[in-house]
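Dumped structure-v1.pdb below, it's PDB, C-alpha atoms:
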```
ATOM      1  CA  MET A   1     -18.982   8.546  -9.461
ATOM      2  CA  SER A   2     -17.003   8.769  -6.240
ATOM      3  CA  ALA A   3     -14.013   6.456  -5.808
ATOM      4  CA  ARG A   4     -15.616   4.915  -2.720
ATOM      5  CA  HIS A   5     -18.629   3.766  -4.735
ATOM      6  CA  GLN A   6     -16.630   1.949  -7.397
ATOM      7  CA  ASN A   7     -16.685  -1.823  -7.239
ATOM      8  CA  TYR A   8     -13.779  -3.509  -5.552
ATOM      9  CA  PRO A   9     -11.253  -4.899  -8.024
ATOM     10  CA  GLU A  10     -11.310  -8.507  -9.116
ATOM     11  CA  LEU A  11      -9.585 -11.270  -7.173
ATOM     12  CA  GLY A  12      -5.883 -11.453  -7.878
ATOM     13  CA  SER A  13      -5.568  -7.725  -8.529
ATOM     14  CA  GLU A  14      -2.292  -5.834  -8.543
ATOM     15  CA  VAL A  15      -1.595  -3.506  -5.618
ATOM     16  CA  ARG A  16       0.485  -0.404  -6.404
ATOM     17  CA  LEU A  17       1.959   0.853  -3.148
ATOM     18  CA  PRO A  18       4.339   3.807  -2.862
ATOM     19  CA  ALA A  19       7.465   2.720  -0.989
ATOM     20  CA  ALA A  20       7.175   5.664   1.418
ATOM     21  CA  LEU A  21       3.748   4.411   2.548
ATOM     22  CA  TRP A  22       5.054   0.854   2.993
ATOM     23  CA  ARG A  23       7.988   2.150   5.080
ATOM     24  CA  SER A  24       5.599   4.303   7.131
ATOM     25  CA  SER A  25       3.443   1.230   7.851
ATOM     26  CA  LEU A  26       6.478  -0.704   9.060
ATOM     27  CA  ARG A  27       7.656   2.208  11.249
ATOM     28  CA  THR A  28       4.258   2.353  12.950
ATOM     29  CA  LEU A  29       4.282  -1.404  13.605
ATOM     30  CA  ARG A  30       7.841  -1.202  14.977
ATOM     31  CA  ASP A  31       6.762   1.625  17.318
ATOM     32  CA  TYR A  32       4.100  -0.677  18.757
ATOM     33  CA  GLY A  33       6.608  -3.510  18.843
ATOM     34  CA  ALA A  34       8.904  -1.385  21.015
ATOM     35  CA  LEU A  35       6.008  -1.445  23.526
ATOM     36  CA  LYS A  36       5.758  -5.258  23.129
ATOM     37  CA  SER A  37       2.413  -4.832  21.408
ATOM     38  CA  GLU A  38       0.913  -5.815  18.101
ATOM     39  CA  GLY A  39       0.119  -2.888  15.828
ATOM     40  CA  LEU A  40      -2.418  -2.260  13.090
ATOM     41  CA  VAL A  41      -2.615   0.105  10.118
ATOM     42  CA  TYR A  42      -4.861   0.222   7.077
ATOM     43  CA  LEU A  43      -4.082   0.688   3.389
ATOM     44  CA  ALA A  44      -6.639   2.752   1.502
ATOM     45  CA  GLY A  45      -6.823   4.197  -1.973
ATOM     46  CA  VAL A  46      -8.561   4.020  -5.312
ATOM     47  CA  VAL A  47      -9.456   1.368  -7.855
ATOM     48  CA  ALA A  48      -7.440   2.347 -10.928
ATOM     49  CA  ALA A  49      -8.533  -0.503 -13.217
ATOM     50  CA  PRO A  50     -10.622  -3.676 -12.930
ATOM     51  CA  LYS A  51      -7.523  -5.505 -11.682
ATOM     52  CA  GLN A  52      -5.527  -2.728 -10.026
ATOM     53  CA  MET A  53      -5.629  -0.935  -6.676
ATOM     54  CA  VAL A  54      -3.505   2.125  -5.965
ATOM     55  CA  VAL A  55      -2.770   2.814  -2.299
ATOM     56  CA  THR A  56      -2.851   6.531  -1.567
ATOM     57  CA  SER A  57      -2.764   6.539   2.224
ATOM     58  CA  VAL A  58      -1.901   4.596   5.342
ATOM     59  CA  LEU A  59      -4.425   5.079   8.119
ATOM     60  CA  ALA A  60      -3.210   4.445  11.654
ATOM     61  CA  LEU A  61      -5.799   4.421  14.407
ATOM     62  CA  GLY A  62      -3.381   5.371  17.158
ATOM     63  CA  HIS A  63      -4.824   2.541  19.268
ATOM     64  CA  GLN A  64      -3.536   1.769  22.733
ATOM     65  CA  ALA A  65      -0.742  -0.781  23.062
ATOM     66  CA  GLN A  66      -2.558  -4.010  23.954
ATOM     67  CA  GLY A  67       0.123  -6.700  23.931
ATOM     68  CA  GLY A  68      -0.695  -9.800  21.894
ATOM     69  CA  THR A  69      -3.880  -8.450  20.323
ATOM     70  CA  VAL A  70      -5.425  -5.357  18.794
ATOM     71  CA  VAL A  71      -9.030  -4.537  19.565
ATOM     72  CA  VAL A  72     -10.508  -1.709  17.508
ATOM     73  CA  THR A  73     -12.953   0.370  19.523
ATOM     74  CA  LYS A  74     -16.234   1.645  18.076
ATOM     75  CA  GLU A  75     -14.835   5.172  18.182
ATOM     76  CA  GLU A  76     -11.755   4.111  16.198
ATOM     77  CA  ALA A  77     -13.931   2.271  13.663
ATOM     78  CA  ARG A  78     -16.090   5.387  13.224
ATOM     79  CA  TRP A  79     -12.940   7.494  12.745
ATOM     80  CA  LEU A  80     -11.762   5.069  10.053
ATOM     81  CA  LEU A  81     -15.078   5.240   8.181
ATOM     82  CA  ARG A  82     -15.243   9.060   8.430
ATOM     83  CA  THR A  83     -11.670   9.355   7.166
ATOM     84  CA  LEU A  84     -12.308   7.029   4.226
ATOM     85  CA  ARG A  85     -15.433   9.001   3.339
ATOM     86  CA  SER A  86     -13.723  12.405   3.621
ATOM     87  CA  ARG A  87     -10.806  11.264   1.431
ATOM     88  CA  ASP A  88     -13.048   9.398  -1.013
ATOM     89  CA  GLU A  89     -10.955   6.240  -0.622
ATOM     90  CA  LYS A  90     -11.667   2.533  -0.378
ATOM     91  CA  LEU A  91     -10.222   0.242   2.276
ATOM     92  CA  PHE A  92      -8.043  -2.419   0.611
ATOM     93  CA  ALA A  93      -6.000  -4.020   3.361
ATOM     94  CA  GLN A  94      -5.145  -4.290   7.006
ATOM     95  CA  VAL A  95      -1.482  -4.595   7.944
ATOM     96  CA  HIS A  96      -0.800  -5.895  11.433
ATOM     97  CA  SER A  97       2.094  -7.346  13.349
ATOM     98  CA  HIS A  98       2.673 -10.465  15.392
ATOM     99  CA  ALA A  99       5.361 -10.960  18.036
ATOM    100  CA  GLY A 100       6.678 -14.100  16.337
ATOM    101  CA  ALA A 101       5.877 -15.811  13.068
ATOM    102  CA  ALA A 102       3.566 -14.379  10.436
ATOM    103  CA  PHE A 103       0.324 -16.371  10.158
ATOM    104  CA  HIS A 104      -3.390 -15.624  10.246
ATOM    105  CA  SER A 105      -4.649 -16.521  13.689
ATOM    106  CA  GLY A 106      -8.225 -17.437  14.572
ATOM    107  CA  GLY A 107      -8.615 -13.949  16.021
ATOM    108  CA  ASP A 108      -7.361 -12.461  12.760
ATOM    109  CA  ASP A 109      -9.962 -14.520  10.899
ATOM    110  CA  ASP A 110     -12.833 -13.630  13.217
ATOM    111  CA  HIS A 111     -12.070  -9.948  13.808
ATOM    112  CA  ALA A 112     -10.804  -8.741  10.435
ATOM    113  CA  THR A 113     -11.831  -5.233   9.533
ATOM    114  CA  SER A 114     -13.514  -6.296   6.314
ATOM    115  CA  PHE A 115     -14.906  -9.439   4.777
ATOM    116  CA  HIS A 116     -15.338  -8.320   1.169
ATOM    117  CA  THR A 117     -13.926 -10.583  -1.510
ATOM    118  CA  GLY A 118     -10.369  -9.535  -2.299
ATOM    119  CA  PHE A 119      -9.694  -7.764   1.022
ATOM    120  CA  LEU A 120      -6.059  -8.286   2.001
ATOM    121  CA  SER A 121      -4.632  -9.005   5.419
ATOM    122  CA  VAL A 122      -0.857  -8.608   5.722
ATOM    123  CA  VAL A 123       0.763 -10.133   8.807
ATOM    124  CA  VAL A 124       4.196  -8.732   9.643
ATOM    125  CA  PRO A 125       6.373 -11.036  11.807
ATOM    126  CA  ARG A 126       8.544 -10.049  14.807
ATOM    127  CA  PHE A 127       6.758  -6.715  15.309
ATOM    128  CA  GLY A 128       8.350  -5.625  12.022
ATOM    129  CA  SER A 129      11.916  -5.949  13.301
ATOM    130  CA  GLY A 130      14.249  -6.614  10.365
ATOM    131  CA  ILE A 131      11.364  -6.609   7.874
ATOM    132  CA  GLU A 132      11.782  -4.520   4.731
ATOM    133  CA  ARG A 133       9.973  -6.355   1.931
ATOM    134  CA  ILE A 134       6.375  -7.490   1.744
ATOM    135  CA  GLU A 135       7.589 -10.933   0.652
ATOM    136  CA  GLN A 136       8.876 -11.358   4.228
ATOM    137  CA  CYS A 137       5.280 -11.168   5.473
ATOM    138  CA  ALA A 138       2.281 -13.474   5.219
ATOM    139  CA  VAL A 139      -0.336 -12.015   2.885
ATOM    140  CA  HIS A 140      -3.883 -13.370   2.989
ATOM    141  CA  GLU A 141      -6.785 -12.613   0.665
ATOM    142  CA  TYR A 142     -10.438 -13.018   1.591
ATOM    143  CA  ARG A 143     -12.101 -15.376  -0.874
ATOM    144  CA  LYS A 144     -14.821 -17.989  -0.702
ATOM    145  CA  GLY A 145     -15.735 -16.967   2.843
ATOM    146  CA  ARG A 146     -12.256 -17.250   4.389
ATOM    147  CA  PHE A 147      -8.749 -15.798   4.351
ATOM    148  CA  GLU A 148      -6.341 -17.765   2.162
ATOM    149  CA  GLU A 149      -2.576 -17.235   2.276
ATOM    150  CA  LEU A 150      -1.041 -16.170  -1.019
ATOM    151  CA  PRO A 151       2.048 -18.024  -2.233
ATOM    152  CA  ALA A 152       5.248 -15.929  -2.105
ATOM    153  CA  GLU A 153       5.435 -15.764  -5.902
ATOM    154  CA  ASP A 154       1.907 -14.280  -6.044
ATOM    155  CA  VAL A 155       2.839 -11.669  -3.442
ATOM    156  CA  ALA A 156       5.949 -10.695  -5.434
ATOM    157  CA  ARG A 157       3.929 -10.537  -8.663
ATOM    158  CA  ARG A 158       0.903  -8.681  -7.325
ATOM    159  CA  PHE A 159       2.531  -6.039  -5.118
ATOM    160  CA  ASP A 160       4.319  -3.216  -6.894
ATOM    161  CA  ILE A 161       6.082  -1.234  -4.166
ATOM    162  CA  PHE A 162       7.609   1.680  -6.015
ATOM    163  CA  ASP A 163       9.359   4.993  -5.513
ATOM    164  CA  PRO A 164       7.445   7.622  -7.464
ATOM    165  CA  GLU A 165       9.506   9.745  -9.813
ATOM    166  CA  VAL A 166       8.806  12.975 -11.578
ATOM    167  CA  ASP A 167       8.400  12.439 -15.296
ATOM    168  CA  ARG A 168      10.561  15.132 -16.817
ATOM    169  CA  GLY A 169       9.961  14.173 -20.433
ATOM    170  CA  PRO A 170      12.733  13.530 -22.955
ATOM    171  CA  PRO A 171      16.147  15.117 -22.404
ATOM    172  CA  PRO A 172      16.702  18.438 -24.176
ATOM    173  CA  ARG A 173      18.161  18.334 -27.664
ATOM    174  CA  ALA A 174      20.871  20.596 -28.918
ATOM    175  CA  VAL A 175      19.261  23.506 -30.713
ATOM    176  CA  GLN A 176      20.264  23.567 -34.363
ATOM    177  CA  PRO A 177      20.317  26.939 -36.052
ATOM    178  CA  PRO A 178      18.249  27.222 -39.200
ATOM    179  CA  TRP A 179      19.936  25.856 -42.336
ATOM    180  CA  TRP A 180      20.449  29.342 -43.787
ATOM    181  CA  SER A 181      22.174  30.796 -40.702
ATOM    182  CA  TRP A 182      25.545  29.337 -41.605
ATOM    183  CA  ARG A 183      25.699  31.759 -44.540
ATOM    184  CA  ARG A 184      25.430  34.788 -42.368
ATOM    185  CA  TYR A 185      28.430  33.794 -40.275
ATOM    186  CA  ALA A 186      30.590  32.188 -42.946
ATOM    187  CA  LYS A 187      33.681  34.083 -43.888
ATOM    188  CA  ARG A 188      33.557  35.450 -47.352
ATOM    189  CA  PRO A 189      36.650  35.249 -49.482
ATOM    190  CA  ARG A 190      38.287  38.654 -50.012
TER     191      ARG A 190
END
```

Exercise: express the given structure as structure tokens:
Amino acid sequence: MSARHQNYPELGSEVRLPAALWRSSLRTLRDYGALKSEGLVYLAGVVAAPKQMVVTSVLALGHQAQGGTVVVTKEEARWLLRTLRSRDEKLFAQVHSHAGAAFHSGGDDDHATSFHTGFLSVVVPRFGSGIERIEQCAVHEYRKGRFEELPAEDVARRFDIFDPEVDRGPPPRAVQPPWWSWRRYAKRPR
């Protein structure tokens, strides 16, 4: 079965997010902020377990700077859907910036990209300026027909922003010669 056709994970699921993708999201939002505009990117990936999402890409529409709002055009929405389909990924979250405080505005509620249970909406304050950690943002989850803000402790618990490492296996052991080899090299009494 394709990854896109798997069910969305359960409410309260863990989100595994490579740190490089998180930093890339923030850079994009800061670029828009330099133009005094809100920015928007999407987090997409695969469902790894019933309660775990793994983000494998950040999708940036390249939308025009629009000031205090972001309006996604039909063409941009079609691009997003085509890209998700071609990568066999699911859309998990939208990450967008506000000029000031992080909160979910009425526009954010009405014009979210998705309204499936468990969809996440991350609001980054101050156009991302000085923001490094997701706990500095407001994270909302769609449940019971509306977006509800997650407490900071839930955000810290549910988001695993990690730097991938290569698993090199155990360190090498010193090679011991066979037990009988000591005889060959031992000095014989003369």

Using CA of Pro9 (chain A) and CA of Met53 (chain A) as the two end points, give the distance in Å to one decimal.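 Distance between the two atoms: 7.0 Å.
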
List as a VMD selection string the protein and nucleic acid residues near region 100-108 of chain A, meaning an atom at most 6 Å away when only C-alpha atoms are counted, but skip any in the same chain fewer than 2 places from it. chain A and resid 98 110 to 112 123 to 126 138

Have a look at A:Leu81, A:Val155, A:Ala60, A:Val55 and name the one nearest to Leu17 (chain A); count only C-alpha atoms. A:Val55

Give me the residues near Asp88 (chain A) as number ranges by chain, where near means some atom within 7 Å (using all atoms listed in the file) and where sequence neighbours in that chain fewer than 2 positions away do not count. A: 2-4, 84-86

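Pairwise distance (CA of Phe162 (chain A), CA of Val46 (chain A)) equals 16.4 Å.
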
Point out the residue among A:Glu148, A:Glu132, A:Glu141, A:Glu89 with the least atom-to-atom distance to Ser114 (chain A), counting only C-alpha atoms.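 Smallest distance to Ser114 (chain A) is found for A:Glu141.
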
Would you kindly identify which residues have an atom no farther than 10 Å from (-4.0, 0.5, 22.5), using only C-alpha atoms and the file's own coordinates, and write them out as a PyMOL selection string? chain A and resi 32+37-40+61-67+69-73

Which residue is closest to Gly33 (chain A)? Choose from A:His96, A:Arg157, A:Arg16, A:Arg82 and count only C-alpha atoms. A:His96

Please provide the set of residues having any atom within 9 Å of Asp163 (chain A), restricted to all atoms listed in the file, with same-chain residues fewer than 4 positions apart removed, written as number ranges by chain. A: 17-20

So how far away is CA of Leu21 (chain A) from CA of Ala49 (chain A), in Å? 20.6 Å

For the file shown, what are the residues hit by the PyMOL selection byres ((chain A and resi 158) around 8), laid out as JSON, numbers by chain? {"A": [12, 13, 14, 15, 154, 155, 156, 157, 159, 160]}

Residue contacts of Phe119 (chain A) (7 Å, all atoms listed in the file) excluding same-chain residues fewer than 3 positions away, as a PyMOL selection string: chain A and resi 92-93+114-116+141-142

Which residue is closest to Ser24 (chain A)? Choose from A:Lys51, A:Gly68, A:Gly45, A:Val95 and count only C-alpha atoms.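 Smallest separation from Ser24 (chain A) among the options: A:Val95.
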
First collect every listed atom of region 158-162 of chain A; then fit an axis-aligned box around them, widen it by 4 Å on each side, and give centre and edge lengths in Å to one decimal, as JSON.
```
{"center_x": 4.3, "center_y": -3.5, "center_z": -5.7, "size_x": 14.7, "size_y": 18.4, "size_z": 11.2}
```

Using only C-alpha atoms, the best pick from A:Trp22, A:Glu76, A:Leu35, A:Val47 as closest to Glu10 (chain A) would be A:Val47
